[in-house]
Amino acid sequence: QLRLVESGGGSVQAGASLRISCTASDHTFSSYPIGWFRQAAWKERDFVATIRRNGERWSGNTTYYADSVKGRFTISRDDAKNTGYLHMDSLKPEDTAVYYCAATPGFIRVAETSYYFWGQGTQVTVSS
(Lines give C-alpha, C1' and ligand atoms only; values in the text may rest on other atoms or scores of the structure.)
Protein backbone atom coordinates (compact mmCIF):
# COMPACT_ATOMS: atom_id res chain seq x y z
CA GLN A 1 0.00 0.00 0.00
CA LEU A 2 1.63 3.24 -1.15
CA ARG A 3 1.55 5.99 1.47
CA LEU A 4 1.76 9.66 0.55
CA VAL A 5 2.66 12.54 2.85
CA GLU A 6 2.28 16.17 1.85
CA SER A 7 4.39 18.94 3.36
CA GLY A 8 5.36 22.55 2.80
CA GLY A 9 2.02 24.23 3.25
CA GLY A 10 1.70 27.47 5.15
CA SER A 11 0.39 31.02 5.25
CA VAL A 12 1.59 33.54 2.67
CA GLN A 13 0.64 36.91 1.27
CA ALA A 14 -1.03 37.28 -2.11
CA GLY A 15 1.55 37.32 -4.89
CA ALA A 16 3.97 35.07 -3.04
CA SER A 17 5.31 31.69 -4.12
CA LEU A 18 5.20 28.38 -2.30
CA ARG A 19 6.30 24.84 -3.09
CA ILE A 20 4.53 21.89 -1.56
CA SER A 21 5.84 18.34 -1.64
CA CYS A 22 4.41 14.86 -1.71
CA THR A 23 6.74 12.15 -0.42
CA ALA A 24 5.90 8.51 -1.06
CA SER A 25 6.68 5.52 1.11
CA ASP A 26 8.42 3.43 -1.54
CA HIS A 27 9.90 3.35 -5.01
CA THR A 28 6.70 2.11 -6.64
CA PHE A 29 5.87 5.83 -6.69
CA SER A 30 7.77 6.10 -9.96
CA SER A 31 5.31 3.77 -11.70
CA TYR A 32 2.28 5.96 -11.03
CA PRO A 33 0.98 9.19 -12.51
CA ILE A 34 0.46 11.67 -9.69
CA GLY A 35 -2.04 14.42 -9.23
CA TRP A 36 -2.69 17.39 -6.98
CA PHE A 37 -6.18 18.33 -5.83
CA ARG A 38 -7.44 20.99 -3.46
CA GLN A 39 -10.44 21.54 -1.25
CA ALA A 40 -11.47 24.94 0.01
CA ALA A 41 -13.70 25.31 3.03
CA TRP A 42 -17.29 24.28 2.34
CA LYS A 43 -16.45 23.26 -1.21
CA GLU A 44 -15.83 20.04 -3.09
CA ARG A 45 -12.33 18.80 -3.84
CA ASP A 46 -11.11 20.03 -7.24
CA PHE A 47 -8.43 18.94 -9.67
CA VAL A 48 -5.31 21.15 -9.79
CA ALA A 49 -2.61 19.39 -11.81
CA THR A 50 -1.33 16.00 -12.88
CA ILE A 51 1.89 14.58 -14.32
CA ARG A 52 2.42 11.29 -16.08
CA ARG A 53 4.89 8.67 -14.93
CA ASN A 54 8.25 8.69 -16.66
CA GLY A 55 8.42 6.23 -19.51
CA GLU A 56 4.68 6.20 -20.04
CA ARG A 57 3.82 5.57 -23.67
CA TRP A 58 1.40 8.46 -24.07
CA SER A 59 0.93 10.68 -27.07
CA GLY A 60 -0.69 13.47 -25.11
CA ASN A 61 0.72 16.08 -22.74
CA THR A 62 3.14 15.27 -19.96
CA THR A 63 1.17 17.50 -17.58
CA TYR A 64 -2.33 18.91 -17.30
CA TYR A 65 -3.53 21.87 -15.26
CA ALA A 66 -6.82 23.32 -14.16
CA ASP A 67 -7.57 26.56 -16.00
CA SER A 68 -7.54 28.46 -12.71
CA VAL A 69 -3.86 27.67 -12.08
CA LYS A 70 -2.47 27.40 -15.60
CA GLY A 71 0.58 29.62 -16.00
CA ARG A 72 1.01 30.02 -12.23
CA PHE A 73 1.47 26.47 -10.92
CA THR A 74 4.02 23.88 -12.02
CA ILE A 75 3.85 20.19 -11.21
CA SER A 76 7.00 18.10 -11.22
CA ARG A 77 8.43 14.88 -9.81
CA ASP A 78 11.76 13.48 -8.67
CA ASP A 79 11.45 9.72 -8.71
CA ALA A 80 14.91 9.28 -7.20
CA LYS A 81 13.52 10.93 -4.07
CA ASN A 82 10.04 9.36 -4.33
CA THR A 83 8.70 12.91 -4.26
CA GLY A 84 6.31 15.02 -6.26
CA TYR A 85 6.10 18.80 -6.14
CA LEU A 86 3.65 21.58 -6.82
CA HIS A 87 5.32 24.94 -7.25
CA MET A 88 2.84 27.79 -6.91
CA ASP A 89 3.57 31.33 -8.08
CA SER A 90 1.47 34.50 -7.93
CA LEU A 91 -0.73 33.03 -5.25
CA LYS A 92 -4.20 34.48 -4.79
CA PRO A 93 -6.58 34.36 -1.82
CA GLU A 94 -8.81 32.03 -3.86
CA ASP A 95 -5.97 29.49 -3.86
CA THR A 96 -6.55 28.99 -0.13
CA ALA A 97 -7.36 25.32 0.43
CA VAL A 98 -6.13 22.00 1.71
CA TYR A 99 -3.94 20.53 -1.01
CA TYR A 100 -3.86 16.76 -1.52
CA CYS A 101 -1.55 14.64 -3.61
CA ALA A 102 -2.70 11.38 -5.13
CA ALA A 103 -1.33 8.53 -7.20
CA THR A 104 -2.92 5.82 -9.27
CA PRO A 105 -2.00 2.91 -11.51
CA GLY A 106 -2.36 3.36 -15.24
CA PHE A 107 -2.27 6.41 -17.42
CA ILE A 108 -2.31 10.10 -16.55
CA ARG A 109 -5.78 11.29 -15.59
CA VAL A 110 -7.62 14.24 -14.10
CA ALA A 111 -10.69 12.70 -12.49
CA GLU A 112 -10.55 12.58 -8.69
CA THR A 113 -12.42 9.29 -8.65
CA SER A 114 -9.66 7.69 -10.74
CA TYR A 115 -7.03 8.08 -8.04
CA TYR A 116 -6.40 5.24 -5.64
CA PHE A 117 -3.73 6.47 -3.17
CA TRP A 118 -4.16 9.74 -1.25
CA GLY A 119 -2.20 11.81 1.23
CA GLN A 120 -3.68 13.53 4.25
CA GLY A 121 -3.36 17.04 2.83
CA THR A 122 -1.49 20.24 3.64
CA GLN A 123 -3.08 23.62 4.29
CA VAL A 124 -2.21 26.58 2.10
CA THR A 125 -3.59 29.95 3.19
CA VAL A 126 -3.18 33.07 1.06
CA SER A 127 -4.08 36.41 2.59
CA SER A 128 -4.75 39.60 0.70
# chains A, B, ... in the order shown; residues from 1 in each chain; ligands from 1
>>> residues_around(residues="Leu18 (chain A)", least_positions_apart="4", cutoff="12 Å", atoms="only C-alpha atoms", output="NGL selection string")
:A and (7-14 or 72-74 or 85-92 or 95-96 or 123-126)
>>> atom_distance(atom1="CA of Tyr32 (chain A)", atom2="CA of Gln120 (chain A)")
18.1 Å
>>> select_by_dssp(residues="region 13-94 of chain A", states="strand (DSSP E)", output="PyMOL selection string")
chain A and resi 13+18-24+34-39+45-51+63-65+73-78+83-88
>>> closest_residue(among="A:Lys43, A:Arg109, A:Arg19, A:Arg3", to="Thr62 (chain A)", atoms="only C-alpha atoms")
A:Arg109
>>> residues_around(residues="Ser114 (chain A)", least_positions_apart="3", cutoff="12 Å", atoms="only C-alpha atoms", output="PyMOL selection string")
chain A and resi 33-35+47+50+102-111+117-118
>>> residues_around(residues="Arg77 (chain A)", least_positions_apart="3", cutoff="9 Å", atoms="only C-alpha atoms", output="number ranges by chain")
A: 30, 34, 51, 53, 80-86
>>> write_last_selection(atoms="all heavy atoms", output="PDB file, in the first residue's frame")
ATOM      1  N   SER A  30       7.345   5.742  -8.606  1.00  0.00           N
ATOM      2  CA  SER A  30       7.768   6.096  -9.957  1.00  0.00           C
ATOM      3  C   SER A  30       6.895   5.464 -11.039  1.00  0.00           C
ATOM      4  O   SER A  30       6.919   5.904 -12.197  1.00  0.00           O
ATOM      5  CB  SER A  30       9.226   5.675 -10.166  1.00  0.00           C
ATOM      6  OG  SER A  30       9.350   4.271 -10.120  1.00  0.00           O
ATOM      7  N   ILE A  34       0.862  11.038 -10.945  1.00  0.00           N
ATOM      8  CA  ILE A  34       0.456  11.671  -9.690  1.00  0.00           C
ATOM      9  C   ILE A  34      -0.360  12.919  -9.998  1.00  0.00           C
ATOM     10  O   ILE A  34      -0.228  13.528 -11.065  1.00  0.00           O
ATOM     11  CB  ILE A  34       1.654  12.025  -8.791  1.00  0.00           C
ATOM     12  CG1 ILE A  34       2.627  12.969  -9.501  1.00  0.00           C
ATOM     13  CG2 ILE A  34       2.368  10.780  -8.335  1.00  0.00           C
ATOM     14  CD1 ILE A  34       3.740  13.469  -8.592  1.00  0.00           C
ATOM     15  N   ILE A  51       0.696  14.854 -13.523  1.00  0.00           N
ATOM     16  CA  ILE A  51       1.886  14.585 -14.324  1.00  0.00           C
ATOM     17  C   ILE A  51       1.982  13.085 -14.555  1.00  0.00           C
ATOM     18  O   ILE A  51       1.734  12.286 -13.660  1.00  0.00           O
ATOM     19  CB  ILE A  51       3.152  15.129 -13.618  1.00  0.00           C
ATOM     20  CG1 ILE A  51       4.392  14.972 -14.497  1.00  0.00           C
ATOM     21  CG2 ILE A  51       3.359  14.476 -12.251  1.00  0.00           C
ATOM     22  CD1 ILE A  51       5.610  15.738 -13.951  1.00  0.00           C
ATOM     23  N   ARG A  53       3.688   9.358 -15.391  1.00  0.00           N
ATOM     24  CA  ARG A  53       4.892   8.673 -14.929  1.00  0.00           C
ATOM     25  C   ARG A  53       5.937   8.694 -16.042  1.00  0.00           C
ATOM     26  O   ARG A  53       5.580   8.714 -17.225  1.00  0.00           O
ATOM     27  CB  ARG A  53       4.562   7.238 -14.526  1.00  0.00           C
ATOM     28  CG  ARG A  53       4.003   6.378 -15.648  1.00  0.00           C
ATOM     29  CD  ARG A  53       3.700   4.966 -15.117  1.00  0.00           C
ATOM     30  NE  ARG A  53       2.954   4.171 -16.085  1.00  0.00           N
ATOM     31  CZ  ARG A  53       3.489   3.489 -17.065  1.00  0.00           C
ATOM     32  NH1 ARG A  53       4.797   3.495 -17.227  1.00  0.00           N
ATOM     33  NH2 ARG A  53       2.734   2.778 -17.883  1.00  0.00           N
ATOM     34  N   ALA A  80      13.792   9.735  -8.021  1.00  0.00           N
ATOM     35  CA  ALA A  80      14.915   9.278  -7.203  1.00  0.00           C
ATOM     36  C   ALA A  80      14.665   9.560  -5.725  1.00  0.00           C
ATOM     37  O   ALA A  80      15.210   8.884  -4.852  1.00  0.00           O
ATOM     38  CB  ALA A  80      16.201   9.950  -7.661  1.00  0.00           C
ATOM     39  N   LYS A  81      13.849  10.569  -5.455  1.00  0.00           N
ATOM     40  CA  LYS A  81      13.516  10.935  -4.070  1.00  0.00           C
ATOM     41  C   LYS A  81      12.109  10.495  -3.687  1.00  0.00           C
ATOM     42  O   LYS A  81      11.636  10.833  -2.603  1.00  0.00           O
ATOM     43  CB  LYS A  81      13.646  12.447  -3.898  1.00  0.00           C
ATOM     44  CG  LYS A  81      15.057  12.976  -4.099  1.00  0.00           C
ATOM     45  CD  LYS A  81      15.105  14.480  -3.880  1.00  0.00           C
ATOM     46  CE  LYS A  81      16.531  15.011  -4.055  1.00  0.00           C
ATOM     47  NZ  LYS A  81      16.601  16.484  -3.870  1.00  0.00           N
ATOM     48  N   ASN A  82      11.431   9.776  -4.585  1.00  0.00           N
ATOM     49  CA  ASN A  82      10.041   9.364  -4.333  1.00  0.00           C
ATOM     50  C   ASN A  82       9.177  10.565  -3.959  1.00  0.00           C
ATOM     51  O   ASN A  82       8.325  10.479  -3.053  1.00  0.00           O
ATOM     52  CB  ASN A  82       9.974   8.321  -3.205  1.00  0.00           C
ATOM     53  CG  ASN A  82      10.634   7.016  -3.571  1.00  0.00           C
ATOM     54  OD1 ASN A  82      10.754   6.672  -4.741  1.00  0.00           O
ATOM     55  ND2 ASN A  82      11.073   6.281  -2.570  1.00  0.00           N
ATOM     56  N   THR A  83       9.361  11.664  -4.647  1.00  0.00           N
ATOM     57  CA  THR A  83       8.698  12.908  -4.262  1.00  0.00           C
ATOM     58  C   THR A  83       8.126  13.629  -5.475  1.00  0.00           C
ATOM     59  O   THR A  83       8.760  13.699  -6.521  1.00  0.00           O
ATOM     60  CB  THR A  83       9.683  13.829  -3.525  1.00  0.00           C
ATOM     61  OG1 THR A  83      10.173  13.163  -2.362  1.00  0.00           O
ATOM     62  CG2 THR A  83       8.991  15.117  -3.090  1.00  0.00           C
ATOM     63  N   GLY A  84       6.931  14.146  -5.280  1.00  0.00           N
ATOM     64  CA  GLY A  84       6.312  15.023  -6.257  1.00  0.00           C
ATOM     65  C   GLY A  84       6.211  16.421  -5.685  1.00  0.00           C
ATOM     66  O   GLY A  84       6.224  16.616  -4.460  1.00  0.00           O
ATOM     67  N   TYR A  85       6.120  17.409  -6.570  1.00  0.00           N
ATOM     68  CA  TYR A  85       6.096  18.801  -6.143  1.00  0.00           C
ATOM     69  C   TYR A  85       4.994  19.573  -6.863  1.00  0.00           C
ATOM     70  O   TYR A  85       4.620  19.256  -7.990  1.00  0.00           O
ATOM     71  CB  TYR A  85       7.433  19.484  -6.449  1.00  0.00           C
ATOM     72  CG  TYR A  85       8.639  18.813  -5.842  1.00  0.00           C
ATOM     73  CD1 TYR A  85       9.416  17.931  -6.583  1.00  0.00           C
ATOM     74  CD2 TYR A  85       8.997  19.053  -4.523  1.00  0.00           C
ATOM     75  CE1 TYR A  85      10.522  17.308  -6.033  1.00  0.00           C
ATOM     76  CE2 TYR A  85      10.098  18.430  -3.964  1.00  0.00           C
ATOM     77  CZ  TYR A  85      10.851  17.566  -4.713  1.00  0.00           C
ATOM     78  OH  TYR A  85      11.947  16.941  -4.160  1.00  0.00           O
ATOM     79  N   LEU A  86       4.521  20.605  -6.185  1.00  0.00           N
ATOM     80  CA  LEU A  86       3.648  21.577  -6.818  1.00  0.00           C
ATOM     81  C   LEU A  86       4.201  22.947  -6.459  1.00  0.00           C
ATOM     82  O   LEU A  86       4.141  23.367  -5.301  1.00  0.00           O
ATOM     83  CB  LEU A  86       2.202  21.442  -6.341  1.00  0.00           C
ATOM     84  CG  LEU A  86       1.207  22.359  -7.063  1.00  0.00           C
ATOM     85  CD1 LEU A  86       1.049  21.924  -8.521  1.00  0.00           C
ATOM     86  CD2 LEU A  86      -0.147  22.337  -6.361  1.00  0.00           C
TER      87      LEU A  86
END
>>> closest_residue(among="A:Ile75, A:Pro93, A:Thr28, A:Asn54", to="Ser128 (chain A)", atoms="only C-alpha atoms")
A:Pro93
>>> atom_distance(atom1="CA of Gly15 (chain A)", atom2="CA of Ser127 (chain A)")
9.4 Å
>>> select_by_dssp(residues="chain A", states="helix (DSSP H, G or I)", output="list in words")
His27, Thr28, Phe29, Ser30, Ser31, Asp79, Ala80, Lys81, Pro93, Glu94, Asp95, Glu112, Thr113 and Ser114 of chain A
>>> atom_distance(atom1="CA of Ala97 (chain A)", atom2="CA of Glu44 (chain A)")
10.6 Å
